[in-house]
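Student: Supplied in structure tokens, the structure appears directly below.
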2 protein chains.
Amino acid sequence: MGDPGLWRELGQQLRVDAVRASAKAGSGHPTSSMSAADLAAVLLANHFRYDYDNPKNPANDRLIFSKGHASPLVYGLFRAAGALSEDEFMSYRQFGSRLEGHPTPVLPWVDVATGSLGQGLPIGVGVALAGKRLDRLPFRVWVICGDSEMAEGSMWEAAEHAAFYELDNLTAIIDVNRLGQRGETMHGWDLDSYVRRVEACGCHAIAIDGHDVEAVDKAYGEALEVEGRPAVIVAKTLKGKGVEAVENKEGAHGKALDDPEEAIEELGGVRDLAVAVAKPERAEPHVFPTGDLELPRYDLGEEVATRKAYGDALAALGAADGSVVALDGEVSNSTYAEIFAAAHPERYFEMYIAEQQLVAASVGMQVRGWKPFASSFAAFFTRAYDFIRMAAVSRATIAIGGSHAGVSIGEDGPSQMALEDLAMMRAVDGSTVLYPCDANQTARLVAAMAEREGISYLRTTRGATPVIYEADEDFPIGGSRVVRATDEDDITIVAAGITLHEALSAAQTLADEGISARVVDCYSVKPIDAAGLAAAAEATGAILTVEDHWPEGGLGEAVLSALAGLDERPKVELLGVAGMPGSGKPAELLAAAGIDAEHIADAARKLVRAAALR
Amino acid sequence: MGDPGLWRELGQQLRVDAVRASAKAGSGHPTSSMSAADLAAVLLANHFRYDYDNPKNPANDRLIFSKGHASPLVYGLFRAAGALSEDEFMSYRQFGSRLEGHPTPVLPWVDVATGSLGQGLPIGVGVALAGKRLDRLPFRVWVICGDSEMAEGSMWEAAEHAAFYELDNLTAIIDVNRLGQRGETMHGWDLDSYVRRVEACGCHAIAIDGHDVEAVDKAYGEALEVEGRPAVIVAKTLKGKGVEAVENKEGAHGKALDDPEEAIEELGGVRDLAVAVAKPERAEPHVFPTGDLELPRYDLGEEVATRKAYGDALAALGAADGSVVALDGEVSNSTYAEIFAAAHPERYFEMYIAEQQLVAASVGMQVRGWKPFASSFAAFFTRAYDFIRMAAVSRATIAIGGSHAGVSIGEDGPSQMALEDLAMMRAVDGSTVLYPCDANQTARLVAAMAEREGISYLRTTRGATPVIYEADEDFPIGGSRVVRATDEDDITIVAAGITLHEALSAAQTLADEGISARVVDCYSVKPIDAAGLAAAAEATGAILTVEDHWPEGGLGEAVLSALAGLDERPKVELLGVAGMPGSGKPAELLAAAGIDAEHIADAARKLVRAAALR
């Protein structure tokens with residue numbers, strides 16, 4: 001049943017390696033690695049099942065370092081497992097190295113990026129959910145957490161969801177080394193304060209001395225035996241363990257040791273233990289049936305909310321693609337994810353009002369190749385922005401559906417109105433940002449999201465809007481659509497979503513006055529159709545953009561960016577929400593925000609007149 | 001000690017009023033109000049101390065509806081207290097009414113906006129902290145929470161912080177009505193699951209029947225007696241209590257009742273009870289000494305990190321203005337908030353790694369007129385974006401200092417790099433976004449933030465940069481600074497923060513080649529100096545912007561927006577971070593991102609050549 005002497009030696013090797021790598025780099029977090037070294041050593045040597053030659057093996061256990069700053073320990077494990085050469089190991093934190101300051105999936109054995117604390121455990125919940133409910137494989141998810149990060153509420157969302165979903169395939173290990181970056185944590189070495197909270201959430205807690213390798217081994221064994229709930233090992237450790245100069249000392253966080261040579265000697269010197277990590281038994285994941293894609297079809301002129309079309313299309317997608325799963329934050333009757341839930345209950349996950357866990361679970365599920373669609377009110381994804389940002393660092397592929405965008409939601413008021421989501425989602429590396437104006441367009445874009453890599457986001461509207469496109473029309477990502485045009489247009493109005501309809505109404509008003517306005521549906525906000533916009537600008541001169549969003553960072557600025565490099569740059573006026581909205585009817589609020597048909601027509605008139613005067 | 005009969009009647013009045021107002025509006029959350037009506041009635045009639053004629057009275061208790069959707073109940077209380085007329089009460093959710101769908105401080109008796117769930121309690125922690133540690137007044141903070149929102153990790157951040165800071169002036173009341181928007185909550189009526197978790201966090205829990213007014217009264221009495229920790233009342237209630245058609249029924253969330261007349265009759269009809277709410281005893285808040293402002297001064301050419309200048313200036317500000325307080329998320333030795341903490345320990349609050357609580361506590365403190373400066377790594381404020389967004393709805397005045405912006409932080413890698421913070425913070429209503437490039441400028445901007453209303457944000461750099469401005473120079477918000485210019489400049493480079501130094505270096509390179517580049521320091525990203533930029537555009541033609549941020553929503557697009565309406569629009573090229581960064585030295589990462597001096601010079605050359613060819 002394992003060799004405690006080997007575990008101790010491996011723990012020392014991991015410490016030495018953390019000291020060595022950080023010393024070479026001149027930075028890093030050796031002391032945070034040293035506290036968890038024994039915990040990691042016993043896991044690798046006696047419990048972890050992983051095929052380092054085949055990281056994509058679906059039967060592999062998963063190990064997530066929620067305390068991502070312990071990256072020297074992560075990389076030391078890879079070296080001990082024979083996956084990393086000594087040379088590459090020593091490239092830690094150097095430009096171009098795969099061994100970044102915090103782990104990212106640039107390395108094939110890292111599933112998700114960590115380093116923003118409080119994310120590894122909620123993501124682990126997603127991986128464990130996938131294992132239990134989707135893959136239906138016996139792999140285990142191990143998450144090594146810092147004690148400091150237990151102050152993040154997201155960790156307790158994770159604990160609660162893990163217990164609720166009876167994730168006995170998940171083991172969290174809290175490395176209670178007492179010291180945060182700047183001093184003692186809120187709870188120091190009060191292990192019981194963690195045990196109490198963990199148990200109150202419904203998890204099985206095991207408190208141990210994290211440097212007693214036999215106790216650690218026994219705790220892992222106990223965790224493996226627990227049924228019906230996750231295990232949380234609360235391990236008392238010493239930060240910087242094994243090196244007197246830094247052991248349990250403040251001021252030793254996040255820096256290389258002053259005297260690494262002496263530290264290495266104190267730790268017994270460099271070792272080259274190679275661990276033969278147990279491989280998992282061969283197993284194939286469960287597969288859900290896959291059929292033909294029959295997207296919903298809506299009749300021209302029918303009034304349908306795009307959020308409803310999202311739900312309809314998602315359910316259709318679920319029938320066509322067994323890898324599509326849906327998650328929602330307790331508003332599935334508003335986002336219409338409930339349609340998917342009813343059609344595919346095995347692939348629907350209720351995340352309750354915990355948007356961080358909602359996004360984190362999505363990231364976890366895509367680790368195993370599932371295609372998660374996470375939905376909530378668009379405004380509430382602001383709650384999970386750090387998770388979305390980090391999902392991009394994880395090179396994750398997730399789809400997000402945000403409903404109830406903008407002032408057009410009406411009476412519920414500004415707390416429920418997404419007015420910053422376009423800015424937020426555009427500023428995510430490699431993201432796709434879509435904003436449909438009708439139900440058929442929505443359905444096509446939902447289908448496109450399932451094939452799209454990276455973070456894709458669809459913004460939908462609460463109220464019903466008329467269907468203006470035929471069901472078979474194509475809306476490629478990166479495209480736009482000229483909805484109204486003549487050969488002699490005086491101006492282009494660029495809109496999307498709810499404002500597209502206002503723009504069409506304004507164009508009709510203007511036409512009655514002899515002003516011909518081209519209307520462009522810029523449903524793909526990112527990537528944006530720069531060529532299409534340039535063509536419109538060339539044809540009509542001035543451009544007016546209008547969006548149910550703050551003027552900053554949204555559709556208007558996306559258009560400006562697309563046109564900035566043209567040799568002939570059109571005058572562009574941006575209409576966005578002016579001032580904090582209140583409650584009222586959608587039409588009242590669109591008017592008050594200055595983005596309804598009347599304001600659009602007014603702004604267009606002025607732009608056309610100004611152009612005529614020049 | 002009170003009249004249970006009156007409380008019951010008042011509870012019924014509040015229910016009737018919730019039904020009436022929602023029926024008139026045609027929307028709203030009557031059933032969520034009805035569950036908490038008895039809890040609110042007993043509080044108003046027998047425990048709450050508030051001067052409705054003087055909402056700014058510092059001795060007033062504070063009542064926050066964390067479940068902001070129970071707004072009909074909030075407004076019903078104001079009506080019962082005589083603060084709202086019947087007419088205004090019935091204007092609920094109408095355009096122009098102060099009675100919005102979710103409460104906002106448009107009403108003088110509402111301190112903070114709620115409606116994004118999970119925020120009221122953490123904000124209440126801030127108000128209670130202010131009462132206990134700053135104002136040093138005996139007012140109490142009461143927070144009525146929904147059971148659904150207890151799934152938000154932020155509520156547990158709040159519980160833990162409230163216990164840690166021994167906030168026995170804070171009472172949370174959880175309205176456990178079992179039903180969320182779409183169905184049952186995770187814990188239903190398992191009161192014990194809440195009690196266990198609340199107690200595990202170190203709070204005093206009291207479980208009661210929330211419709212037994214005498215039990216409610218007794219619970220409030222017990223809460224008032226608890227010393228050294230907050231009390232949390234866990235109240236079992238019925239959603240829609242009192243009206244059979246909706247009581248404890250699914251599908252009755254967030255809508256007016258189908259038959260309000262019948263419901264009102266069932267509830268015993270309309271009442272007009274007027275409650276004489278007890279006023280607090282007169283008391284004056286504690287005041288910290290106020291002195292002269294002596295900002296730090298740095299010598300030209302000295303190498304100082306702007307984050308260090310932030311800490312220095314904040315400490316100086318604290319000495320000059322006793323209302324300035326500082327909070328940090330366990331990174332005060334990185335943000336240099338530790339300098340303030342050392343100088344003004346009574347006004348410094350460690351919020352640990354809980355950025356949502358960090359911002360929420362700031363919002364709570366400003367309710368009482370304090371001037372909070374909240375600091376963390378800029379990247380980690382993404383964690384609190386929903387709180388920042390809602391702070392704007394609250395019309396709150398808070399200052400945020402985000403350090404370690406951009407790829408220039410170096411080895412720690414992308415998880416620690418803020419690359420979306422400018423986009424995020426620009427898209428906050430009425431926000432101010434500042435990005436200084438040197439220490440003297442930083443100091444002046446920190447001082448300006450203390451006088452600025454709304455949400456103000458300062459972005460700082462990790463590494464030391466040379467001081468280029470004299471200590472006495474002025475940097476008004478909304479301004480910019482031409483750092484380098486001739487009468488015959490070929491191009492303008494607009495930069496801020498770290499890229500300003502790269503731009504100056506590029507300009508020198510270009511000058512050696514005979515290209516004259518103007519360099520504008522756009523330290524005020526919002527509001528932006530549109531006139532200054534227009535003047536530069538007119539003088540030089542092409543504009544090149546460069547920022548250590550994603551290309552979306554940041555400095556470059558702010559510049560585009562500022563120039564969009566000019567009659568002669570310059571060609572603008574945006575340089576932002578291209579592709580996901582890794583680890584490396586700051587110079588290596590700036591180069592890889594395409595935003596170092598060499599890339600700037602290269603882009604400038606091409607722009608100038610293209611202009612010459614035209």
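Within each chain, counting starts at residue 1; across the structure tokens, chains are named A, B, ... in the order shown, with ligands numbered 1 upward in that order.
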Can you list every residue in stretch 71-320 of chain B that DSSP puts in strand (DSSP E or B), as an MDAnalysis selection string?

Tutor: chainID B and resid 141:146 170:176 179 184 204:209 231:236 278 303:305

Student: Keeping N, CA and C atoms for every residue in the selection just given, could you write it to a file as a PDB file, in the first residue's frame?

Tutor:
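File written: out20.pdb
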```pdb
ATOM      1  N   VAL B 141     -27.991  47.854  11.719  1.00  0.00           N
ATOM      2  CA  VAL B 141     -28.217  47.565  10.304  1.00  0.00           C
ATOM      3  C   VAL B 141     -29.037  46.280  10.214  1.00  0.00           C
ATOM      4  N   TRP B 142     -30.171  46.399   9.561  1.00  0.00           N
ATOM      5  CA  TRP B 142     -31.055  45.248   9.358  1.00  0.00           C
ATOM      6  C   TRP B 142     -31.060  44.917   7.868  1.00  0.00           C
ATOM      7  N   VAL B 143     -30.887  43.673   7.546  1.00  0.00           N
ATOM      8  CA  VAL B 143     -30.867  43.272   6.137  1.00  0.00           C
ATOM      9  C   VAL B 143     -31.843  42.117   5.927  1.00  0.00           C
ATOM     10  N   ILE B 144     -32.807  42.343   5.069  1.00  0.00           N
ATOM     11  CA  ILE B 144     -33.765  41.273   4.751  1.00  0.00           C
ATOM     12  C   ILE B 144     -33.318  40.567   3.474  1.00  0.00           C
ATOM     13  N   CYS B 145     -33.039  39.286   3.627  1.00  0.00           N
ATOM     14  CA  CYS B 145     -32.456  38.499   2.544  1.00  0.00           C
ATOM     15  C   CYS B 145     -33.463  37.471   2.044  1.00  0.00           C
ATOM     16  N   GLY B 146     -33.336  37.114   0.770  1.00  0.00           N
ATOM     17  CA  GLY B 146     -34.103  35.996   0.247  1.00  0.00           C
ATOM     18  C   GLY B 146     -33.365  34.688   0.487  1.00  0.00           C
ATOM     19  N   LEU B 170     -25.332  44.253  13.393  1.00  0.00           N
ATOM     20  CA  LEU B 170     -25.910  43.788  12.127  1.00  0.00           C
ATOM     21  C   LEU B 170     -26.836  42.596  12.367  1.00  0.00           C
ATOM     22  N   THR B 171     -28.030  42.688  11.841  1.00  0.00           N
ATOM     23  CA  THR B 171     -28.960  41.556  11.900  1.00  0.00           C
ATOM     24  C   THR B 171     -29.427  41.232  10.489  1.00  0.00           C
ATOM     25  N   ALA B 172     -29.207  39.997  10.097  1.00  0.00           N
ATOM     26  CA  ALA B 172     -29.717  39.536   8.800  1.00  0.00           C
ATOM     27  C   ALA B 172     -30.953  38.693   9.054  1.00  0.00           C
ATOM     28  N   ILE B 173     -31.922  38.859   8.197  1.00  0.00           N
ATOM     29  CA  ILE B 173     -33.162  38.101   8.308  1.00  0.00           C
ATOM     30  C   ILE B 173     -33.347  37.347   6.991  1.00  0.00           C
ATOM     31  N   ILE B 174     -33.281  36.039   7.054  1.00  0.00           N
ATOM     32  CA  ILE B 174     -33.450  35.246   5.828  1.00  0.00           C
ATOM     33  C   ILE B 174     -34.898  34.782   5.723  1.00  0.00           C
ATOM     34  N   ASP B 175     -35.527  35.239   4.687  1.00  0.00           N
ATOM     35  CA  ASP B 175     -36.936  34.934   4.425  1.00  0.00           C
ATOM     36  C   ASP B 175     -37.003  33.603   3.658  1.00  0.00           C
ATOM     37  N   VAL B 176     -37.105  32.519   4.412  1.00  0.00           N
ATOM     38  CA  VAL B 176     -37.030  31.198   3.777  1.00  0.00           C
ATOM     39  C   VAL B 176     -38.427  30.791   3.289  1.00  0.00           C
ATOM     40  N   LEU B 179     -39.350  28.964  -2.217  1.00  0.00           N
ATOM     41  CA  LEU B 179     -39.506  28.989  -3.664  1.00  0.00           C
ATOM     42  C   LEU B 179     -38.684  30.096  -4.317  1.00  0.00           C
ATOM     43  N   GLU B 184     -38.247  25.186  -6.520  1.00  0.00           N
ATOM     44  CA  GLU B 184     -37.739  25.156  -5.152  1.00  0.00           C
ATOM     45  C   GLU B 184     -36.259  25.508  -5.116  1.00  0.00           C
ATOM     46  N   HIS B 204     -24.630  34.261  15.100  1.00  0.00           N
ATOM     47  CA  HIS B 204     -25.644  33.711  16.002  1.00  0.00           C
ATOM     48  C   HIS B 204     -26.924  33.490  15.202  1.00  0.00           C
ATOM     49  N   ALA B 205     -27.380  32.255  15.126  1.00  0.00           N
ATOM     50  CA  ALA B 205     -28.565  31.938  14.318  1.00  0.00           C
ATOM     51  C   ALA B 205     -29.791  31.772  15.203  1.00  0.00           C
ATOM     52  N   ILE B 206     -30.904  32.239  14.694  1.00  0.00           N
ATOM     53  CA  ILE B 206     -32.188  32.109  15.403  1.00  0.00           C
ATOM     54  C   ILE B 206     -33.203  31.627  14.371  1.00  0.00           C
ATOM     55  N   ALA B 207     -33.705  30.431  14.542  1.00  0.00           N
ATOM     56  CA  ALA B 207     -34.685  29.893  13.593  1.00  0.00           C
ATOM     57  C   ALA B 207     -36.089  30.102  14.144  1.00  0.00           C
ATOM     58  N   ILE B 208     -36.961  30.617  13.318  1.00  0.00           N
ATOM     59  CA  ILE B 208     -38.331  30.907  13.764  1.00  0.00           C
ATOM     60  C   ILE B 208     -39.336  30.669  12.637  1.00  0.00           C
ATOM     61  N   ASP B 209     -40.575  30.707  13.044  1.00  0.00           N
ATOM     62  CA  ASP B 209     -41.691  30.783  12.098  1.00  0.00           C
ATOM     63  C   ASP B 209     -41.882  32.259  11.772  1.00  0.00           C
ATOM     64  N   ALA B 231     -26.284  38.628  14.316  1.00  0.00           N
ATOM     65  CA  ALA B 231     -27.376  37.667  14.440  1.00  0.00           C
ATOM     66  C   ALA B 231     -27.976  37.435  13.061  1.00  0.00           C
ATOM     67  N   VAL B 232     -28.358  36.204  12.830  1.00  0.00           N
ATOM     68  CA  VAL B 232     -29.022  35.857  11.579  1.00  0.00           C
ATOM     69  C   VAL B 232     -30.315  35.124  11.929  1.00  0.00           C
ATOM     70  N   ILE B 233     -31.415  35.736  11.568  1.00  0.00           N
ATOM     71  CA  ILE B 233     -32.715  35.134  11.834  1.00  0.00           C
ATOM     72  C   ILE B 233     -33.128  34.331  10.612  1.00  0.00           C
ATOM     73  N   VAL B 234     -33.352  33.062  10.822  1.00  0.00           N
ATOM     74  CA  VAL B 234     -33.731  32.167   9.725  1.00  0.00           C
ATOM     75  C   VAL B 234     -35.227  31.889   9.892  1.00  0.00           C
ATOM     76  N   ALA B 235     -36.002  32.506   9.023  1.00  0.00           N
ATOM     77  CA  ALA B 235     -37.458  32.518   9.219  1.00  0.00           C
ATOM     78  C   ALA B 235     -38.161  31.679   8.165  1.00  0.00           C
ATOM     79  N   LYS B 236     -38.877  30.694   8.624  1.00  0.00           N
ATOM     80  CA  LYS B 236     -39.690  29.892   7.698  1.00  0.00           C
ATOM     81  C   LYS B 236     -40.951  30.664   7.347  1.00  0.00           C
ATOM     82  N   ALA B 278     -40.233  54.667  15.756  1.00  0.00           N
ATOM     83  CA  ALA B 278     -39.391  55.274  16.803  1.00  0.00           C
ATOM     84  C   ALA B 278     -38.207  55.978  16.170  1.00  0.00           C
ATOM     85  N   GLU B 303      12.915  56.502 -10.415  1.00  0.00           N
ATOM     86  CA  GLU B 303      12.101  55.371 -10.890  1.00  0.00           C
ATOM     87  C   GLU B 303      11.159  54.946  -9.765  1.00  0.00           C
ATOM     88  N   VAL B 304       9.896  55.155  -9.976  1.00  0.00           N
ATOM     89  CA  VAL B 304       8.906  54.843  -8.941  1.00  0.00           C
ATOM     90  C   VAL B 304       7.704  54.174  -9.607  1.00  0.00           C
ATOM     91  N   ALA B 305       7.238  53.095  -9.012  1.00  0.00           N
ATOM     92  CA  ALA B 305       6.032  52.461  -9.546  1.00  0.00           C
ATOM     93  C   ALA B 305       4.820  53.321  -9.201  1.00  0.00           C
TER      94      ALA B 305
END
```

Student: With only C-alpha atoms considered, list every residue of chain B at most 6 Å from chain A, as a VMD selection string.

Tutor: chain B and resid 93 to 95 100 to 101 115 to 116 151 to 154 156 to 157 196 to 197 200 353 to 354 382 to 383 385 to 386 411 to 413 415 420 424 427 552 to 553 557 564 to 565 571 to 572 583 to 584

Student: Here is a test: counting only C-alpha atoms, which residue of B:Glu294, B:Cys522, B:Glu346, B:Gly242 is nearest to B:Gly269?

Tutor: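 Checking each of B:Glu294, B:Cys522, B:Glu346, B:Gly242 against B:Gly269, counting only C-alpha atoms, the winner is B:Gly242.
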
Student: I want to know what sits within 12 Å of stretch 296-298 of chain A, based on only C-alpha atoms, with residues of the same chain fewer than 3 positions away left out; could you give that as a PyMOL selection string?

Tutor: chain A and resi 293+301-306+308-317+319+438-444+446-447+465-473

Student: Would you please work out which residue, of A:Arg15, A:His404, A:Arg49, A:Arg484, is nearest to A:Tyr435 when using only C-alpha atoms?

Tutor: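 Once distances to A:Tyr435 are computed over only C-alpha atoms, the minimum belongs to A:His404.
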
Student: Measuring between only C-alpha atoms, which one of B:Cys437, B:Ala378, B:Ala448, B:Ala245 shows the shortest distance to B:Leu267?

Tutor: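 When distances to B:Leu267 are compared using only C-alpha atoms, the smallest one comes from B:Ala245.
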
Student: To test your reading of the structure, identify every residue in stretch 233-403 of chain B that backbone DSSP assigns to helix (DSSP H, G or I), and report it as a PyMOL selection string.

Tutor: chain B and resi 260-266+306-320+332-335+337-343+345-347+355-367+378-393

Student: Report, in Å to a single decimal, how far apart atom CA of B:Asp61 and atom CA of B:Arg8 are.

Tutor: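 That distance, rounded to one decimal, is 22.6 Å.
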
Student: Name the closest residue to A:Ala23 among the candidates A:Leu43, A:Ala342, A:Ala256, A:Leu191; distances are taken between atoms, counting only C-alpha atoms.

Tutor: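 Smallest distance to A:Ala23 is found for A:Ala256.
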
Student: Smallest atom-to-atom distance to A:Ala37: which of A:Val74, A:Ala162, A:Ala223, A:Ile64, using only C-alpha atoms?

Tutor: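 Among the listed residues, the smallest separation from A:Ala37 belongs to A:Val74.
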